[in-house]
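Dropping structure_37.txt in here (compact mmCIF, C-alpha atoms):
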```txt
# COMPACT_ATOMS: atom_id res chain seq x y z
CA MET A 22 20.86 -4.44 44.15
CA ARG A 23 21.73 -7.98 43.12
CA GLU A 24 25.22 -9.32 42.61
CA LEU A 25 26.69 -9.38 39.13
CA ASN A 26 26.68 -13.21 39.05
CA GLU A 27 22.99 -13.30 39.86
CA LEU A 28 22.33 -10.69 37.25
CA LYS A 29 24.37 -12.57 34.68
CA ALA A 30 22.40 -15.74 35.35
CA GLU A 31 19.18 -13.74 34.98
CA ILE A 32 20.41 -12.29 31.69
CA PHE A 33 21.20 -15.75 30.25
CA ARG A 34 17.90 -17.19 31.50
CA ARG A 35 15.97 -14.37 29.85
CA SER A 36 17.93 -14.62 26.64
CA GLU A 37 17.17 -18.35 26.46
CA GLU A 38 13.49 -17.61 26.99
CA LYS A 39 13.60 -15.00 24.28
CA ILE A 40 15.34 -17.37 21.87
CA LYS A 41 12.73 -20.07 22.55
CA GLU A 42 9.93 -17.57 22.08
CA ARG A 43 11.47 -16.46 18.81
CA GLN A 44 11.69 -20.06 17.60
CA ARG A 45 8.08 -20.64 18.62
CA ARG A 46 7.04 -17.57 16.67
CA ARG A 47 8.93 -18.75 13.60
CA GLN A 48 7.31 -22.17 13.82
CA ARG A 49 3.90 -20.56 14.16
CA ILE A 50 4.55 -18.41 11.10
CA VAL A 51 5.71 -21.43 9.08
CA ALA A 52 2.72 -23.45 10.29
CA LEU A 53 0.45 -20.66 9.14
CA CYS A 54 2.21 -19.90 5.88
CA VAL A 55 2.40 -23.46 4.51
CA PRO A 56 -1.38 -24.04 4.50
CA LEU A 57 -1.91 -20.54 3.16
CA CYS A 58 0.52 -21.18 0.29
CA LEU A 59 -1.15 -24.52 -0.41
CA CYS A 60 -4.55 -22.84 -0.46
CA ALA A 61 -3.24 -20.18 -2.82
CA VAL A 62 -1.83 -22.84 -5.15
CA ILE A 63 -5.06 -24.86 -5.12
CA VAL A 64 -7.23 -21.80 -5.70
CA SER A 65 -5.05 -20.59 -8.53
CA ALA A 66 -4.97 -24.10 -10.06
CA LEU A 67 -8.76 -24.19 -9.97
CA SER A 68 -9.34 -20.68 -11.19
CA LEU A 69 -6.77 -20.58 -14.00
CA PRO A 70 -8.53 -23.07 -16.30
CA ARG A 71 -11.74 -21.13 -15.77
CA LEU A 72 -9.97 -17.95 -16.73
CA PHE A 73 -8.64 -19.57 -19.88
CA GLY A 74 -12.14 -20.95 -20.58
CA THR A 75 -13.59 -17.46 -20.35
CA LYS A 76 -10.97 -16.17 -22.70
CA GLU A 77 -11.88 -18.84 -25.29
CA GLY A 78 -15.54 -17.89 -24.86
CA ASP A 79 -14.63 -14.29 -25.46
CA THR A 80 -12.81 -15.25 -28.64
CA GLU A 81 -15.85 -17.17 -29.84
CA LYS A 82 -18.00 -14.17 -29.07
CA LEU A 83 -15.64 -11.94 -30.96
CA GLU A 84 -15.66 -14.28 -33.93
CA LEU A 85 -19.42 -14.41 -33.76
CA SER A 86 -19.74 -10.66 -33.63
CA ALA A 87 -17.34 -10.38 -36.53
CA ASP A 88 -19.60 -12.72 -38.49
CA VAL A 89 -22.61 -10.66 -37.58
CA ALA A 90 -20.81 -7.51 -38.64
CA GLU A 91 -19.91 -9.17 -41.92
CA MET A 92 -23.47 -10.22 -42.44
CA ALA A 93 -24.63 -6.74 -41.64
CA GLU A 94 -22.13 -5.42 -44.13
CA ILE A 95 -23.47 -7.77 -46.77
CA ASN A 96 -26.99 -6.74 -45.95
CA GLY A 97 -25.86 -3.16 -46.27
CA GLY A 98 -27.24 -2.20 -42.83
CA SER A 99 -30.62 -2.60 -44.44
CA GLU A 100 -32.83 -2.65 -41.41
CA PRO A 101 -35.56 -0.17 -42.31
CA ASP A 102 -35.19 1.87 -39.13
CA ALA A 103 -31.39 1.83 -39.25
CA ILE A 104 -31.15 5.28 -40.85
CA SER A 105 -33.02 8.31 -39.74
CA GLU A 106 -34.66 10.49 -42.35
CA THR A 107 -32.41 13.43 -41.68
CA GLU A 108 -29.31 11.34 -42.32
CA ILE A 109 -30.27 10.34 -45.85
CA ALA A 110 -27.82 11.84 -48.30
CA VAL A 111 -28.41 10.05 -51.61
CA ALA A 112 -31.22 8.05 -53.12
CA GLU A 113 -30.53 5.79 -56.11
CA LEU A 114 -33.18 4.32 -58.30
CA ARG A 115 -32.73 1.43 -60.68
CA SER A 116 -35.52 0.26 -62.90
CA LYS A 117 -35.56 -2.81 -65.01
CA VAL A 118 -38.36 -3.34 -67.46
CA GLY A 119 -37.59 -6.19 -69.78
CA ASP A 120 -34.00 -5.77 -70.94
CA VAL A 121 -34.01 -2.04 -70.47
CA GLU A 122 -32.25 -0.82 -67.35
CA GLN A 123 -32.40 2.73 -66.10
CA TYR A 124 -30.55 4.45 -63.32
CA GLU A 125 -31.26 7.69 -61.53
CA LYS A 126 -29.43 9.27 -58.63
CA ILE A 127 -31.05 11.86 -56.37
CA THR A 128 -28.40 13.87 -54.57
CA ASP A 129 -30.76 16.48 -53.20
CA LYS A 130 -30.75 15.60 -49.52
CA GLU A 131 -34.15 17.05 -48.84
CA ARG A 132 -35.83 15.14 -51.61
CA ALA A 133 -34.00 11.92 -50.77
CA SER A 134 -35.10 12.24 -47.12
CA GLU A 135 -38.69 12.86 -48.16
CA LEU A 136 -38.70 9.72 -50.31
CA TYR A 137 -37.22 7.65 -47.50
CA GLY A 138 -39.80 8.99 -45.06
CA LEU A 139 -42.63 8.19 -47.46
CA ILE A 140 -41.53 4.59 -47.89
CA MET A 141 -41.01 4.13 -44.17
CA ARG A 142 -44.49 5.50 -43.44
CA MET A 143 -45.97 3.05 -45.88
CA PHE A 144 -44.20 0.27 -44.09
CA ARG A 145 -45.52 1.43 -40.77
CA THR A 146 -49.12 1.70 -41.92
CA THR A 147 -49.47 -1.20 -44.32
CA GLY A 148 -46.35 -3.31 -43.88
CA THR A 149 -46.49 -6.91 -42.76
CA PRO A 150 -43.54 -8.90 -41.60
CA GLY A 151 -42.12 -11.39 -44.02
CA ASP A 152 -44.62 -12.89 -46.32
CA PRO A 153 -48.02 -12.85 -44.64
CA ASP A 154 -49.79 -14.82 -47.34
CA GLY A 155 -47.00 -17.30 -47.74
CA ASN A 156 -46.71 -16.06 -51.26
CA PRO A 157 -43.93 -18.08 -52.89
CA GLU A 158 -43.23 -15.28 -55.30
CA THR A 159 -42.16 -13.02 -52.43
CA GLN A 160 -39.78 -15.61 -51.17
CA GLU A 161 -38.33 -16.04 -54.59
CA ASN A 162 -37.86 -12.33 -54.91
CA ARG A 163 -35.32 -12.36 -52.09
CA GLU A 164 -31.92 -13.48 -53.11
CA PRO A 165 -28.83 -13.35 -50.90
CA SER A 166 -25.92 -11.59 -52.46
CA ASP A 167 -22.70 -9.80 -51.57
CA SER A 168 -23.52 -6.28 -52.58
CA VAL A 169 -26.40 -4.00 -52.04
CA VAL A 170 -27.11 -3.32 -55.65
CA SER A 171 -26.99 -6.94 -56.62
CA HIS A 172 -29.61 -7.64 -53.97
CA SER A 173 -32.11 -6.42 -56.45
CA SER A 174 -34.29 -9.26 -57.47
CA PRO A 175 -34.35 -10.00 -61.18
CA ALA A 176 -38.10 -9.94 -60.94
CA ALA A 177 -38.25 -6.57 -59.17
CA GLU A 178 -39.23 -3.70 -61.37
CA TYR A 179 -37.55 -1.04 -59.25
CA THR A 180 -34.79 -1.03 -56.73
CA VAL A 181 -34.46 2.03 -54.52
CA THR A 182 -31.26 2.42 -52.50
CA PHE A 183 -30.93 5.09 -49.84
CA THR A 184 -27.48 5.94 -48.57
CA GLY A 185 -27.02 7.67 -45.24
CA GLU A 186 -24.38 10.29 -44.46
CA GLY A 187 -22.32 7.67 -42.66
CA GLY A 188 -22.49 5.26 -45.60
CA GLU A 189 -25.35 3.13 -44.20
CA LYS A 190 -27.68 1.77 -46.83
CA ALA A 191 -31.33 0.84 -46.96
CA VAL A 192 -32.62 -1.03 -50.00
CA PHE A 193 -36.23 -1.43 -51.09
CA TYR A 194 -37.66 -3.38 -54.02
CA ILE A 195 -40.87 -2.38 -55.72
CA ASP A 196 -42.48 -5.06 -57.74
CA GLY A 197 -46.03 -4.54 -58.88
CA ASP A 198 -47.95 -3.41 -55.82
CA THR A 199 -45.47 -4.78 -53.29
CA VAL A 200 -42.65 -2.92 -51.60
CA GLU A 201 -40.12 -5.11 -49.87
CA ASP A 202 -36.99 -4.33 -47.91
CA ILE A 203 -33.83 -6.42 -47.98
CA ASN A 204 -34.89 -8.32 -44.86
CA GLY A 205 -38.05 -9.57 -46.50
CA VAL A 206 -40.40 -7.18 -44.73
CA SER A 207 -42.98 -6.34 -47.33
CA ALA A 208 -45.92 -4.06 -47.72
CA THR A 209 -48.76 -4.44 -50.16
CA LEU A 210 -49.82 -1.10 -51.46
CA SER A 211 -53.11 0.06 -52.76
CA SER A 212 -53.00 1.34 -56.35
CA GLU A 213 -53.52 4.86 -55.10
CA VAL A 214 -50.64 4.71 -52.66
CA LEU A 215 -48.45 3.05 -55.26
CA GLU A 216 -49.18 5.79 -57.70
CA ASN A 217 -48.30 8.38 -55.09
CA LEU A 218 -45.04 6.62 -54.44
CA LYS A 219 -44.14 6.34 -58.07
CA THR A 220 -44.95 10.00 -58.55
CA ALA A 221 -42.73 10.88 -55.64
CA LEU A 222 -39.97 8.77 -57.07
CA GLY A 223 -40.46 10.33 -60.42
CA LEU A 224 -41.41 7.02 -62.01
CA SER A 225 -44.89 7.82 -63.20
CA GLU A 226 -43.63 9.47 -66.36
CA GLN A 227 -41.28 6.64 -67.18
CA MET B 1 32.54 22.64 27.65
CA LYS B 2 32.72 18.89 27.85
CA GLY B 3 34.11 18.08 31.29
CA SER B 4 37.54 16.76 30.43
CA ASP B 5 38.49 17.07 34.08
CA VAL B 6 35.78 14.61 35.05
CA THR B 7 37.03 11.09 35.64
CA PRO B 8 35.14 8.08 34.26
CA VAL B 9 32.31 6.89 36.44
CA SER B 10 32.71 3.17 36.54
CA GLY B 11 34.83 0.23 35.64
CA GLY B 12 37.68 2.17 34.05
CA ASN B 13 37.37 3.37 30.48
CA HIS B 14 39.73 0.74 29.17
CA MET B 15 39.52 -0.60 25.61
CA ASP B 16 36.65 0.78 23.58
CA ASN B 17 33.70 0.84 25.94
CA GLY B 18 33.03 -2.87 25.55
CA ALA B 19 33.21 -3.30 21.78
CA SER B 20 36.34 -5.46 21.77
CA SER B 21 35.01 -7.51 24.70
CA TYR B 22 31.82 -8.08 22.79
CA ARG B 23 33.81 -9.16 19.75
CA ARG B 24 35.59 -11.70 21.92
CA PHE B 25 32.25 -12.82 23.34
CA LEU B 26 30.97 -13.41 19.82
CA ASP B 27 34.08 -15.50 19.18
CA GLY B 28 33.13 -17.71 22.11
CA ASP B 29 35.00 -16.15 25.03
CA GLU B 30 32.52 -16.29 27.94
CA ASN B 31 34.71 -14.20 30.24
CA ALA B 32 34.35 -11.32 27.83
CA PHE B 33 30.69 -11.02 28.79
CA ASP B 34 31.67 -10.71 32.46
CA GLU B 35 33.97 -7.85 31.50
CA ILE B 36 31.14 -6.11 29.68
CA MET B 37 28.87 -6.62 32.67
CA GLU B 38 31.40 -5.22 35.09
CA GLU B 39 32.13 -2.26 32.93
CA LEU B 40 28.67 -1.26 31.83
CA PHE B 41 25.87 -2.87 33.82
CA TYR B 42 25.64 -0.57 36.85
CA SER B 43 26.18 2.58 34.87
CA LEU B 44 23.34 1.48 32.60
CA VAL B 45 21.10 0.89 35.61
CA PHE B 46 22.04 4.31 36.96
CA PHE B 47 21.19 5.94 33.62
CA ILE B 48 17.87 4.13 33.31
CA ASP B 49 17.04 5.09 36.86
CA ARG B 50 17.17 8.74 35.77
CA TYR B 51 14.09 7.97 33.67
CA VAL B 52 12.13 5.48 35.74
CA HIS B 53 13.07 6.61 39.28
CA ASP B 54 12.97 3.01 40.41
CA VAL B 55 16.22 1.11 40.82
CA HIS B 56 14.59 -2.31 40.64
CA ALA B 57 12.76 -1.45 37.46
CA ALA B 58 15.97 0.08 36.10
CA GLU B 59 17.85 -3.11 36.91
CA ASP B 60 15.17 -5.19 35.22
CA ILE B 61 15.33 -3.02 32.11
CA ALA B 62 19.13 -3.26 32.08
CA VAL B 63 18.94 -7.07 32.33
CA ASP B 64 16.56 -7.01 29.38
CA ALA B 65 18.91 -4.80 27.38
CA PHE B 66 21.84 -7.12 28.07
CA SER B 67 19.81 -10.21 27.18
CA ASP B 68 19.12 -8.52 23.84
CA LEU B 69 22.85 -8.54 23.24
CA ILE B 70 22.80 -12.33 23.49
CA VAL B 71 19.59 -12.94 21.57
CA HIS B 72 20.30 -10.60 18.69
CA LYS B 73 24.04 -11.11 18.50
CA HIS B 74 24.58 -9.44 15.15
CA ARG B 75 22.29 -6.49 15.62
CA TYR B 76 25.15 -4.48 17.08
CA ASN B 77 27.27 -3.39 14.11
CA PHE B 78 30.31 -1.88 15.95
CA LYS B 79 29.69 1.53 14.36
CA VAL B 80 29.11 3.05 17.78
CA THR B 81 30.63 1.99 21.10
CA LEU B 82 28.90 -0.86 22.90
CA LYS B 83 28.18 1.52 25.74
CA THR B 84 26.35 3.90 23.41
CA TYR B 85 24.43 0.98 21.90
CA LEU B 86 23.40 -0.34 25.31
CA PHE B 87 22.39 3.11 26.51
CA MET B 88 20.28 3.54 23.38
CA ILE B 89 18.46 0.29 24.12
CA GLY B 90 18.20 1.25 27.78
CA ARG B 91 16.67 4.64 27.05
CA SER B 92 14.20 3.21 24.59
CA ARG B 93 13.12 0.51 27.06
CA ALA B 94 12.90 3.01 29.88
CA LEU B 95 10.58 5.23 27.85
CA ASP B 96 8.44 2.20 26.99
CA TYR B 97 8.33 1.32 30.65
CA ILE B 98 7.20 4.84 31.60
CA LYS B 99 4.51 4.74 28.93
CA HIS B 100 3.32 1.38 30.20
CA ARG B 101 3.42 2.51 33.82
CA LYS B 102 1.18 5.46 32.97
CA ILE B 103 -1.41 3.06 31.63
CA ILE B 104 -1.57 0.78 34.64
CA SER B 105 -3.19 1.89 37.88
CA THR B 106 -1.67 3.78 40.81
CA GLU B 107 -1.41 0.56 42.85
CA GLU B 108 1.87 0.02 41.06
CA LEU B 109 3.17 3.44 42.11
CA SER B 110 2.50 2.84 45.81
CA TYR B 111 4.36 -0.46 45.49
CA HIS B 112 7.72 1.03 44.56
CA THR B 113 7.93 3.94 46.98
CA ASP B 114 9.70 2.03 49.73
CA ILE B 115 13.10 1.58 48.11
CA PRO B 116 15.21 4.67 48.65
CA GLY B 117 18.20 2.75 50.03
CA ASP B 118 19.10 0.97 46.80
CA GLU B 119 19.24 4.17 44.85
CA GLU B 120 21.61 5.75 47.35
CA ASP B 121 23.78 2.62 47.32
CA LEU B 122 24.01 2.78 43.55
CA SER B 123 24.99 6.45 43.44
CA GLU B 124 27.51 5.93 46.21
CA MET B 125 28.97 2.98 44.35
CA LEU B 126 29.26 4.84 41.06
CA LEU B 127 29.97 8.40 42.13
CA THR B 128 33.28 8.49 43.90
CA ASP B 129 33.79 12.20 43.33
CA GLU B 130 32.16 14.54 45.89
CA ARG B 131 31.48 17.14 43.23
CA LYS B 132 29.61 14.60 41.13
CA ARG B 133 27.51 13.61 44.11
CA THR B 134 26.52 17.22 44.60
CA VAL B 135 25.58 17.54 40.94
CA ASN B 136 23.72 14.22 41.10
CA GLY B 137 21.59 15.53 43.93
CA ALA B 138 20.89 18.75 42.06
CA ILE B 139 19.91 17.31 38.67
CA ALA B 140 16.88 15.56 40.12
CA GLY B 141 15.06 18.89 39.87
CA LEU B 142 15.80 19.27 36.15
CA PRO B 143 13.52 18.26 33.27
CA ARG B 144 14.06 14.74 31.91
CA ASP B 145 16.10 15.59 28.80
CA MET B 146 18.38 17.93 30.75
CA ARG B 147 18.90 15.23 33.38
CA SER B 148 19.83 12.72 30.71
CA VAL B 149 22.22 14.99 28.91
CA ILE B 150 24.04 15.95 32.13
CA HIS B 151 24.21 12.29 33.06
CA LEU B 152 25.64 11.17 29.73
CA ILE B 153 28.18 13.98 29.40
CA TYR B 154 29.34 14.42 32.99
CA PHE B 155 28.71 11.04 34.59
CA GLU B 156 29.27 8.68 31.67
CA ASP B 157 31.93 10.80 30.02
CA MET B 158 30.33 10.48 26.60
CA THR B 159 31.09 12.77 23.68
CA TYR B 160 28.35 15.06 22.35
CA LYS B 161 27.99 12.77 19.37
CA GLU B 162 27.54 9.68 21.52
CA ALA B 163 25.08 11.45 23.79
CA ALA B 164 23.18 12.63 20.72
CA ARG B 165 22.96 9.03 19.44
CA VAL B 166 21.61 7.81 22.76
CA MET B 167 19.07 10.61 23.05
CA LYS B 168 18.13 10.56 19.37
CA LYS B 169 19.05 14.21 18.97
CA THR B 170 21.65 16.13 16.98
CA PRO B 171 24.96 17.14 18.63
CA LYS B 172 23.82 20.76 18.32
CA GLN B 173 20.61 20.00 20.22
CA VAL B 174 22.68 18.24 22.86
CA ASP B 175 24.94 21.28 23.11
CA ASN B 176 21.96 23.62 23.56
CA LEU B 177 20.36 21.30 26.07
CA LEU B 178 23.57 21.06 28.06
CA TYR B 179 23.97 24.83 28.06
CA ARG B 180 20.48 25.32 29.45
CA ALA B 181 20.93 22.47 31.94
CA LYS B 182 24.13 24.01 33.25
CA LYS B 183 22.40 27.35 33.61
CA GLU B 184 19.62 25.72 35.61
CA LEU B 185 22.10 23.78 37.69
CA ARG B 186 24.05 26.92 38.54
CA THR B 187 20.86 28.44 39.85
CA ILE B 188 20.00 25.35 41.89
CA LEU B 189 23.48 24.83 43.26
CA GLY B 190 23.85 28.55 43.96
CA GLU B 191 20.61 28.51 45.95
CA ASN B 192 21.77 25.46 47.88
CA GLY B 193 25.15 27.00 48.46
CA GLY B 194 26.74 24.17 46.56
CA LEU B 195 29.52 23.87 44.09
CA ALA B 196 29.25 25.90 40.90
CA LEU B 197 29.80 24.11 37.61
```

Can the structure from this file be put into structure tokens for me?
Amino acid sequence: MRELNELKAEIFRRSEEKIKERQRRRQRIVALCVPLCLCAVIVSALSLPRLFGTKEGDTEKLELSADVAEMAEINGGSEPDAISETEIAVAELRSKVGDVEQYEKITDKERASELYGLIMRMFRTTGTPGDPDGNPETQENREPSDSVVSHSSPAAEYTVTFTGEGGEKAVFYIDGDTVEDINGVSATLSSEVLENLKTALGLSEQ
Amino acid sequence: MKGSDVTPVSGGNHMDNGASSYRRFLDGDENAFDEIMEELFYSLVFFIDRYVHDVHAAEDIAVDAFSDLIVHKHRYNFKVTLKTYLFMIGRSRALDYIKHRKIISTEELSYHTDIPGDEEDLSEMLLTDERKRTVNGAIAGLPRDMRSVIHLIYFEDMTYKEAARVMKKTPKQVDNLLYRAKKELRTILGENGGLAL
């Protein structure tokens, strides 16, 4: 066993060592933390503007999609394949011969669906995108407007509007032997097919 | 139950087991540390030796515990006596030492087998009472916790609460442990024809 004085000296020597070690540890931590903090600041400074940039992009996208939605609304969701046959609830027919305007509404779902299917089939079999012959008349027949009904060309003899159960609309114009949708997709019909269509629409008697 | 007839082991139980001396040491009185050393150092070594069975290792651990008092001056909050605080540190360090010693190879064990003299010197220095010496010889055969509780209550004159703080147990657990330890000791001492507790 050592003397108390020796032991006391040993205790103070060890405590000094421990204090130095503690200081060294603190310095090491500070030396490590300062660069880390700097890195964090630099990284955040670099990434923040990018984040803001992305947010602006998102806003633009949102605005763009809002525009598209508005356009779609104006067009009345008129893409021919936008409504399935089973969803058709109402078919409206407007005819304009000279100054005489007529209007008929078909609320029988089955009949309205049949009519829609018939027109769509005609598009599939005989339809051509846009104006295949570059016929200026076809181009003239399309007129941008803010409501579905008013899309009807003044030159079009008949305007057929189908309304889906969800309110979606598909509009077709029949002028002479041409059937055209609101997007300008048209189909030239043979007289036989046209007659069939008119019969189906109940126009042959008119 | 608690041996009120047992006299304090070392250094006289003056003041408050070192707390006031430590307060003076914090105020800059260097002699106060000597007082603490005189009062508590050897009894701490003796207590640690109950765990590590190596006086030199026990002394080293006690030096470490005391150096903690200087390094972390404000860690001791005066809610327990300084003796209790030091014994808590001592026990914790002793258990760490045992854990570490288990990891290292047996070379270390063969190294510290040739030091029986120091241990006897220490017990002779601290145990003035013949009865205590008899008990000290007998408790070596007890399990570790029982050894510690007998040491703290009978040799260090601690209360159940203080002993519980040191051993990280409840006073009730200490009471139960002491009861069982005494029972064991009676058997041992009876077999050896020694003094009954």

ask   = Which residue gives the smallest distance to chain A among B:Asn176, B:Ser21, B:Thr84, B:Ser67, with all atoms listed in the file counted?
value = B:Ser67

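With distances taken over all atoms listed in the file, A:Ile40 is the one residue among A:Ile40, A:Leu67, A:Leu114, A:Ala30 lying closest to chain B.
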
Padding 3 Å on every side, please: axis-aligned box over the listed atoms of stretch 127-145 of chain A, centre and edge lengths to one decimal in Å, as lines of an AutoDock Vina configuration file.
```
center_x = -37.2
center_y = 8.7
center_z = -48.6
size_x = 23.6
size_y = 22.8
size_z = 21.6
```

Report the closest atom pair, with its distance in Å rounded to one decimal, for each residue of chain B that has an atom no farther than 7 Å from chain A; count only C-alpha atoms, sort by chain and then rising residue number, and write it as a Markdown table.
```
| residue | atom | partner | partner_atom | distance |
| --- | --- | --- | --- | --- |
| B:Val63 | CA | A:Ile32 | CA | 5.5 |
| B:Asp64 | CA | A:Ile32 | CA | 6.9 |
| B:Phe66 | CA | A:Ile32 | CA | 6.5 |
| B:Ser67 | CA | A:Ser36 | CA | 4.8 |
| B:Asp68 | CA | A:Ser36 | CA | 6.8 |
| B:Ile70 | CA | A:Ser36 | CA | 6.2 |
| B:Val71 | CA | A:Ser36 | CA | 5.6 |
| B:Asp118 | CA | A:Met22 | CA | 6.3 |
```

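Reported to one decimal place, the separation of atom CA of B:Ala164 from atom CA of B:Leu189 is 25.6 Å.
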
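The space separating atom CA of B:His74 from atom CA of B:Ala32 comes to 16.1 Å.
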
task = Just give me the gap between atom CA of A:Thr128 and atom CA of A:Ala112 in Å, one decimal is fine.
result = 6.6 Å

message = Give me, as JSON, numbers by chain, all polymer residues having an atom no more than 12 Å from A:Val111, counting only C-alpha atoms and skipping those fewer than 6 positions away in the same chain.
response = {"A": [125, 126, 127, 128, 129, 130, 131, 132, 133, 134, 135, 136, 137, 181, 182, 183, 184, 185, 186, 187, 188, 189, 190, 191, 192]}
